[in-house]
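Below: the structure, in structure tokens.
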There are 2 protein chains.
Amino acid sequence: MAMVLYELCGIDEELRFSPYCWRVRYALAHKGLTAETRPWYFTDKEALAFSGSDKVPVLVDGDQAIADSYEILRYLDRSYPEAPLLGDGMAESRARFFKHYAERSLAPAMLRTIIMDLLNAIHPKDRDYFRETREKRFGRALEEFHSPAKGLAQLDAALEPLRGQLKESDFIDGAAPAAADYLVFGSFMWARVVSSADLVSNADPVYGWLERMLDLHDGLGRSAMRVTDVEGAYR
Amino acid sequence: MAMVLYELCGIDEELRFSPYCWRVRYALAHKGLTAETRPWYFTDKEALAFSGSDKVPVLVDGDQAIADSYEILRYLDRSYPEAPLLGDGMAESRARFFKHYAERSLAPAMLRTIIMDLLNAIHPKDRDYFRETREKRFGRALEEFHSPAKGLAQLDAALEPLRGQLKESDFIDGAAPAAADYLVFGSFMWARVVSSADLVSNADPVYGWLERMLDLHDGLGRSAMRVTDVEGAYR
């Protein structure tokens, strides 16, 4: 039985922008696995009730349902040990840091730049939910939170260690990509799918890595639908 | 023959503040190795000529001289494979990120806070050298670069991923410390030895980790001389 991956989608059912879902897409491709994807919307909470989670990604493999991108990577390493993603022991502990680096350093910086583009890419039926939950989290209106100048300066600072790493090797995980690359790259796919903002200059060592990541697994990221491909998206 | 470690020292020969030397001290202790330490000053360039480096740490082990803290950790893993520090493959590549995180995110933020304390802890004969090289690097006088308000705000942001990691495990490397912990902690020892500035509040998950790191290896870090222990240090 084919695996099933529940994925967040936006104004177009093929517009898939969740950074967490992108981690899983790359992880599956890394293992040579395929999953049938099922579109999901922020407000479809009941559609995931079977999994015990109210958020995507949820991966269904036979009689198992696994939620949370990091847990899915762990599950894939346990169940399909060829081509390790996280690895074991120190390798796994260190991989976990990249999850936090992506979620706590990079994504918040990107979000200040792309939030209005993100709102625009979200399905209209989800927008009230998105605005309400995010405005509560940020303590202000999305329009006030939006600040490309602050976001880009914050991102520039947050990228410093990644620059150092990518001056020395093609991928975070060395000569070939693995979980650390996917955990971080998910956030860049999120921004790429919803926005045409240039987050990284082409003189940056991170830029070359982004290009390599887009090309991986037969151009998995590069071929993904972006909001700029959607008829009638209002920009 | 005992190993020899050349270490930077300050106004007191026992005042050892180099973050890179602290990485090596912890790495040696991790392996159960000991080294005789030799004091070195910034301006003693010729004392290291034999090693091909003009900076500490330099570790001499038999007929080998290894410079650069990360290279020393690699050397120790190759020559004394028990109790791995960096590990191999993905584990090693990921460890390298922590070197960049410490050097490019944490240390620059700390430096804005502690630079005048650092100058004061440096041996008088090294101070002109230090001021000249750093003012050239920063493009301004040390007194202008010094900004605890900016430094602490920058550090607060830079610590975010580390907070996430340390909420989930006692050490960066999991249940027990290894190279990722030592690579990062070196910068905290640097600040601790030269300054009494509080960089991390005791409500921060990073604080508990710092306490654990200070206690490791029979209190290696906690028992180190600090500038506040030096008679006649002018604060």
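Residue numbers start at 1 in each chain; chains themselves are named A, B, ... in the order of the structure tokens; ligands are numbered from 1 in the order shown.
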Pick out the chain A residues within 6 Å of chain B. Count only C-alpha atoms. Give them as a list in words.
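Putting it all together, I get Met90, Ala91, Ser93, Phe97, His100, Tyr101, Arg104, Glu160, Pro161, Gly164, Gln165, Asp173 and Gly174 of chain A.
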So that I can check the secondary structure, give me every residue of range 14-207 of chain B assigned strand (DSSP E) by backbone DSSP, as a ChimeraX atom specification.
/B:35-40,58-61,64-67
Spatial neighbours of range 69-81 of chain B, 7 Å, only C-alpha atoms, chain gap at least 2 places, as an MDAnalysis selection string:
chainID B and resid 20:21 23:24 27 57 66:67 83:85
Could you write out that same residue set with C-alpha atoms as an mmCIF file, in the first residue's frame?
```cif
data_model
loop_
_atom_site.group_PDB
_atom_site.id
_atom_site.type_symbol
_atom_site.label_atom_id
_atom_site.label_comp_id
_atom_site.auth_asym_id
_atom_site.auth_seq_id
_atom_site.Cartn_x
_atom_site.Cartn_y
_atom_site.Cartn_z
ATOM 1 C CA TYR B 20 39.875 27.946 21.165
ATOM 2 C CA CYS B 21 42.186 26.752 23.936
ATOM 3 C CA ARG B 23 37.790 23.724 23.404
ATOM 4 C CA VAL B 24 41.020 21.760 23.488
ATOM 5 C CA ALA B 27 38.502 17.747 24.483
ATOM 6 C CA PRO B 57 46.188 26.524 20.490
ATOM 7 C CA ILE B 66 48.890 20.457 15.451
ATOM 8 C CA ALA B 67 47.471 23.972 15.264
ATOM 9 C CA ALA B 83 35.317 8.479 23.467
ATOM 10 C CA PRO B 84 34.740 10.195 20.091
ATOM 11 C CA LEU B 85 34.530 13.966 20.040
#
```
Using DSSP on the backbone coordinates, identify the residues of range 86-200 of chain B assigned to helix (DSSP H, G or I); present them as JSON, numbers by chain.
{"B": [89, 90, 91, 92, 93, 94, 95, 96, 97, 98, 99, 100, 101, 102, 103, 104, 105, 106, 107, 108, 109, 110, 111, 112, 113, 114, 115, 116, 117, 118, 119, 120, 121, 124, 125, 126, 127, 128, 129, 130, 131, 132, 133, 134, 135, 136, 137, 138, 142, 143, 144, 145, 148, 149, 150, 151, 152, 153, 154, 155, 156, 157, 158, 160, 161, 162, 163, 164, 165, 166, 167, 168, 179, 180, 181, 182, 183, 184, 185, 186, 187, 188, 189, 190, 191, 192, 193, 194]}
Would you please work out which residue, of A:Tyr26, A:Glu46, A:Thr113, A:Pro124, is nearest to Asp215 in chain A when using only C-alpha atoms?
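With only C-alpha atoms as the atom set, the closest residue is A:Tyr26.
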